[in-house]
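Novice: Handing you a structure now.
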Amino acid sequence: MVEISAEETHPLRLAVLRATTTSKQVVFPEDDFPGVVHLGVSVEGELVAVSTWVPRPHHDQAAVQLRGMATAARLQGTGLGGLLLESGCRRALSADLHVVWANARDTALPFYLQHGFRVEGDGFLDATIGLPHHRVVRNLAP
Ligand SMILES: CC(C)(COP(=O)(O)OP(=O)(O)OC[C@H]1O[C@@H](n2cnc3c(N)ncnc32)[C@H](O)[C@@H]1OP(=O)(O)O)[C@@H](O)C(=O)NCCC(=O)NCCS
């Protein structure tokens, strides 16, 4: 697991998260917020999974929003996303942040549920890409 820049996330965001969407926007407004960390997985020098962790409250509790989870298509389902997710959660916990949340694509819900997240509230269409999403939340045990 490696810490990367916002710009380094762009190729995978484009290839994986914007492959079939009308919007090709790969810059998130939160990318440069204070405390934001971009984490990736590198295999033989190639970045193959990315994620962005934004300090942002959930309801009124200090929390981290996970954005832009993407694994290179050929490696999806091989455990890299899980590795990255668990690393980011451990990092949040060590910063004393006990809640991680995300607006998850419905197609990725099984992935989040397998990693201890629960669905919160009704589904909605994401404003940028128009795909069905649900809010997912995980409480990190101290
Ligand atoms: C969702 C995603 C980040 C998970 O990363 P990953 O490296 O594939 O995850 P892992 O290999 O650790 O976990 C595999 C689990 O994720 C789910 N999964 C696997 N491939 C998937 C895919 N193409 N799309 C969505 N979920 C997938 C399955 O539940 C799988 O569980 P299983 O192995 O028991 O079948 C990755 O599949 C991906 O980039 N998907 C497309 C983009 C996306 O939906 N990103 C999340 C936006 S909220």
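Letters A, B, ... go to the chains of the structure tokens in the order shown; residues in each chain start at 1; ligands are counted from 1 in the same order.
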Around ligand 1, which protein and nucleic acid residues have at least one atom no more than 9 Å from it, if we count only C-alpha atoms and all ligand atoms? List them as number ranges by chain.

Specialist: A: 12-13, 16-18, 48-51, 66-73, 75-85, 102-114, 133

Novice: Please identify the helix (DSSP H, G or I) residues within stretch 34-102 of chain A (assignment by DSSP from backbone atoms) and present them as number ranges by chain.

Specialist: A: 73-75, 80-94

Novice: Return the single residue from A:Val27, A:Leu131, A:Leu47, A:Val64 that is closest to A:Arg90, with distances computed using only C-alpha atoms.

Specialist: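 So, comparing all the options, the nearest one is A:Val64.
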
Novice: Excluding A:Leu39 and residues on its chain fewer than 4 positions from it, collect all residues at most 7 Å away from it, counting only C-alpha atoms, and give them as a ChimeraX atom specification.

Specialist: /A:1-4,50-52

Novice: Tell me which of A:Ala141, A:Val54, A:Ala15, A:Val119 sits closest to A:Asp32, counting only C-alpha atoms.

Specialist: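 Checking each candidate against A:Asp32, we get A:Val54 as the closest.
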
Novice: For atom CA of A:Thr21 and atom CA of A:Asp122, determine how far apart the two atoms are, in Å to one decimal place.

Specialist: 22.3 Å

Novice: Can you tell me, as a PyMOL selection string, what residues are no more than 6 Å from A:Trp53 when counting only C-alpha atoms, ignoring any on the same chain fewer than 5 positions away?

Specialist: chain A and resi 36-37+65-66

Novice: Those residues with C-alpha atoms, as a PDB file, in the first residue's frame please?

Specialist:
```
ATOM      1  CA  VAL A  36      -7.094  14.103   2.395  1.00  0.00           C
ATOM      2  CA  VAL A  37      -4.982  11.013   1.693  1.00  0.00           C
ATOM      3  CA  GLN A  65     -15.375   9.457   3.524  1.00  0.00           C
ATOM      4  CA  LEU A  66     -13.940   6.894   1.139  1.00  0.00           C
TER       5      LEU A  66
END
```

Novice: To one decimal place, how far is atom CA of A:Ser23 from atom CA of A:Ala6 in Å?

Specialist: 18.3 Å

Novice: Can you list every residue of stretch 76-133 of chain A that has an atom at most 8 Å from stretch 56-62 of chain A, with its nearest atom pair and the distance in Å to one decimal, using only C-alpha atoms, ordered by chain then number, as a Markdown table?

Specialist:
```
| residue | atom | partner | partner_atom | distance |
| --- | --- | --- | --- | --- |
| A:Leu97 | CA | A:Ala62 | CA | 6.2 |
| A:His98 | CA | A:Ala62 | CA | 7.5 |
| A:Val99 | CA | A:Ala62 | CA | 7.2 |
| A:Trp101 | CA | A:His58 | CA | 7.2 |
```

Novice: Between atom CA of A:Ser5 and atom CA of A:Gly116, measure the distance and give it in Å to one decimal.

Specialist: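 Between atom CA of A:Ser5 and atom CA of A:Gly116 the gap works out to 27.3 Å.
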
Novice: If we count only C-alpha atoms, what is near A:Gly121 at a cut-off of 10 Å, once residues fewer than 6 positions away on the same chain are taken out, given as a ChimeraX atom specification?

Specialist: /A:134-136

Novice: Please produce a file of those selected residues containing N, CA, C and O atoms, as a tab-separated table (two decimals), in the first residue's frame.

Specialist:
```
chain	number	residue	atom	x	y	z
A	134	HIS	N	-25.93	3.72	-2.90
A	134	HIS	CA	-26.43	3.74	-1.52
A	134	HIS	C	-25.30	4.25	-0.62
A	134	HIS	O	-24.12	4.00	-0.89
A	135	ARG	N	-25.68	4.93	0.44
A	135	ARG	CA	-24.71	5.29	1.47
A	135	ARG	C	-24.35	4.02	2.25
A	135	ARG	O	-25.24	3.26	2.65
A	136	VAL	N	-23.07	3.76	2.45
A	136	VAL	CA	-22.63	2.65	3.30
A	136	VAL	C	-21.75	3.21	4.41
A	136	VAL	O	-21.02	4.18	4.22
```

Novice: For A:Pro55, which of A:Leu14, A:Glu8, A:Thr22, A:Glu30 is the closest residue, counting only C-alpha atoms?

Specialist: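 Distance minimum relative to A:Pro55 lands on A:Glu30.
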
Novice: Running DSSP on the backbone, which parts of stretch 34-130 of chain A land in strand (DSSP E), as a PyMOL selection string?

Specialist: chain A and resi 37-43+46-55+64-71+99-105+118-125
